[in-house]
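**Student:** What follows is a single structure, and I will ask about it in a moment.
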Amino acid sequence: MGIAEVFQRYFIDPIKYNKGYNIVNTLTYALILGLASLGVYKILKKLNIKYNNAFFRALMPYMILGAFGRALTDATIIPRTYLTVTPGIYILVFTITFSALLTTHKLFEDWQKVFLYFGWSLVGMESLLLLFNIDKVDFNLTVLKYFVPFATIALITIYLLSKKIWLVKENSYLFYAHFYDATTTFVGVDFLGYWEQHVVPRYLMELTGTAAVMYLLKFAVLMIALYLMEKLEESESDKELMDFIKMVMFILGFAPGTRNLLRMLMGV
């Protein structure tokens with residue numbers, strides 16, 4: 001099999017025919033994400049941009065931007081192209097976000113506020129797009145009947161675990177984000193007839209017969225990753241890198257969870 005055939009089979013066809021992920025593209029995308037994250041970290045460090053609460057809040061609308069755009073694509077409000085489905089849409093949103101970050105940082109003294117407002121203005125444009133195409137959406141508020149109680153249980157579980165486990169207490173926002181994502185997957189797959197696109201979760205769901213296994217998977221992966229990060233963190237420079245990695249980890253939980261929830265609420 002030649003390179004072109006491999007690329008077609010493992011990268012193009014899964015997007016074109018909505019087949020979900022496979023081992024090859026999953027590992028490739030993970031490698032690209034890792035290298036891109038490292039590159040962004042070095043650039044932000046050179047610009048002396050700190051990962052404080054203000055910066056984190058300023059990133060929130062851009063996380064929603066990608067998730068909302070992906071849901072609008074599922075609802076056929078935004079045309080389905082390689083740039084409006086995963087992973088293309090996240091590459092597009094990353095390009096927009098990083099460009100906006102560099103531009104506002106260079107041009108404005110109070111750049112974090114400008115960066116924040118610009119992000120929310122983009123989300124506002126997506127909201128208007130939904131409003132103008134409301135006839136295309138068959139809202140399914142039944143989703144909340146399942147999501148609200150299970151999300152509440154998940155949040156209470158994290159709160160209780162934070163009282164007993166130090167790693168959970170110190171990184172509770174990561175567990176909240178990923179249990180939020182796990183809840184949307186659990187509700188979608190077990191109650192509403194959706195299917196899981198990712199390789200490992202899909203295998204575990206088939207093995208256990210329920211998407212509730214996502215809670216255990218998320219918890220185990222986070223605990224292992226955070227434990228290793230704690231062991232590797234020795235200097236202030238290491239702490240900055242670990243904080244950046246945690247920010248990426250948060251995005252990887254919050255953004256897919258938001259996309260899942262919005263998609264289910266739109267009934268697509």
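The way I read the labels, and the way they are meant: chains A, B, ... in the order of the structure tokens, residue 1 as the first residue of every chain, and ligand 1 as the first ligand shown, with later ones counted on from there.
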Taking only C-alpha atoms into account, produce a table as a tab-separated table in which each residue of range 67-90 of chain A with an atom at most 12 Å from an atom of range 1-13 of chain A appears once, together with its shortest atom pair and the distance in Å to one decimal, ordered by chain and rising number.

**Tutor:**
```
residue	atom	partner	partner_atom	distance
A:Thr81	CA	A:Ile12	CA	11.3
A:Tyr82	CA	A:Ile12	CA	8.8
A:Val85	CA	A:Ile12	CA	11.7
A:Thr86	CA	A:Phe11	CA	11.0
A:Pro87	CA	A:Phe11	CA	10.0
A:Gly88	CA	A:Phe11	CA	11.2
```

**Student:** Could you save those same residues with all heavy atoms as a compact mmCIF listing (two decimals), in the first residue's frame?

**Tutor:**
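After the write, result-v2.txt holds the following:
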```txt
# COMPACT_ATOMS: atom_id res chain seq x y z
N THR A 81 -17.19 20.44 5.42
CA THR A 81 -15.96 20.38 4.63
C THR A 81 -14.86 19.82 5.54
O THR A 81 -15.08 19.61 6.73
CB THR A 81 -15.55 21.77 4.11
OG1 THR A 81 -15.11 22.57 5.23
CG2 THR A 81 -16.70 22.47 3.41
N TYR A 82 -13.68 19.65 4.99
CA TYR A 82 -12.57 19.15 5.79
C TYR A 82 -12.15 20.16 6.87
O TYR A 82 -11.49 19.79 7.84
CB TYR A 82 -11.38 18.81 4.90
CG TYR A 82 -11.62 17.60 4.02
CD1 TYR A 82 -11.69 17.71 2.64
CD2 TYR A 82 -11.81 16.35 4.59
CE1 TYR A 82 -11.93 16.61 1.84
CE2 TYR A 82 -12.04 15.23 3.80
CZ TYR A 82 -12.10 15.36 2.42
OH TYR A 82 -12.36 14.26 1.63
N VAL A 85 -15.11 19.93 10.11
CA VAL A 85 -15.26 18.73 10.93
C VAL A 85 -13.92 18.44 11.59
O VAL A 85 -12.89 19.00 11.21
CB VAL A 85 -15.72 17.51 10.10
CG1 VAL A 85 -17.09 17.76 9.50
CG2 VAL A 85 -14.71 17.17 9.01
N THR A 86 -13.95 17.57 12.59
CA THR A 86 -12.73 17.20 13.28
C THR A 86 -11.81 16.39 12.36
O THR A 86 -12.30 15.51 11.66
CB THR A 86 -13.07 16.35 14.53
OG1 THR A 86 -14.07 17.05 15.27
CG2 THR A 86 -11.86 16.13 15.40
N PRO A 87 -10.50 16.64 12.34
CA PRO A 87 -9.76 17.61 13.15
C PRO A 87 -9.64 19.00 12.51
O PRO A 87 -9.10 19.90 13.12
CB PRO A 87 -8.38 16.97 13.26
CG PRO A 87 -8.20 16.31 11.92
CD PRO A 87 -9.58 15.80 11.54
N GLY A 88 -10.14 19.14 11.28
CA GLY A 88 -9.95 20.39 10.55
C GLY A 88 -10.47 21.61 11.28
O GLY A 88 -9.81 22.66 11.30
```

**Student:** If we count only C-alpha atoms, what is near range 174-190 of chain A at a cut-off of 7 Å, once residues fewer than 4 positions away on the same chain are taken out, given as a PyMOL selection string?

**Tutor:** chain A and resi 146-147+150-151+154-155+158+194-195+210-212+214-215+218+250+253-254+256-257+260-261

**Student:** What is the distance between CA of Tyr90 in chain A and CA of Leu122 in chain A, in Å to one decimal?

**Tutor:**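 Answer for the CA of Tyr90 in chain A to CA of Leu122 in chain A separation: 14.7 Å.
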
**Student:** Write out as a ChimeraX atom specification all residues of range 72-203 of chain A that backbone DSSP assigns to helix (DSSP H, G or I).

**Tutor:** /A:72-74,88-107,111-132,134-136,143-164,166-170,172-191,199-203
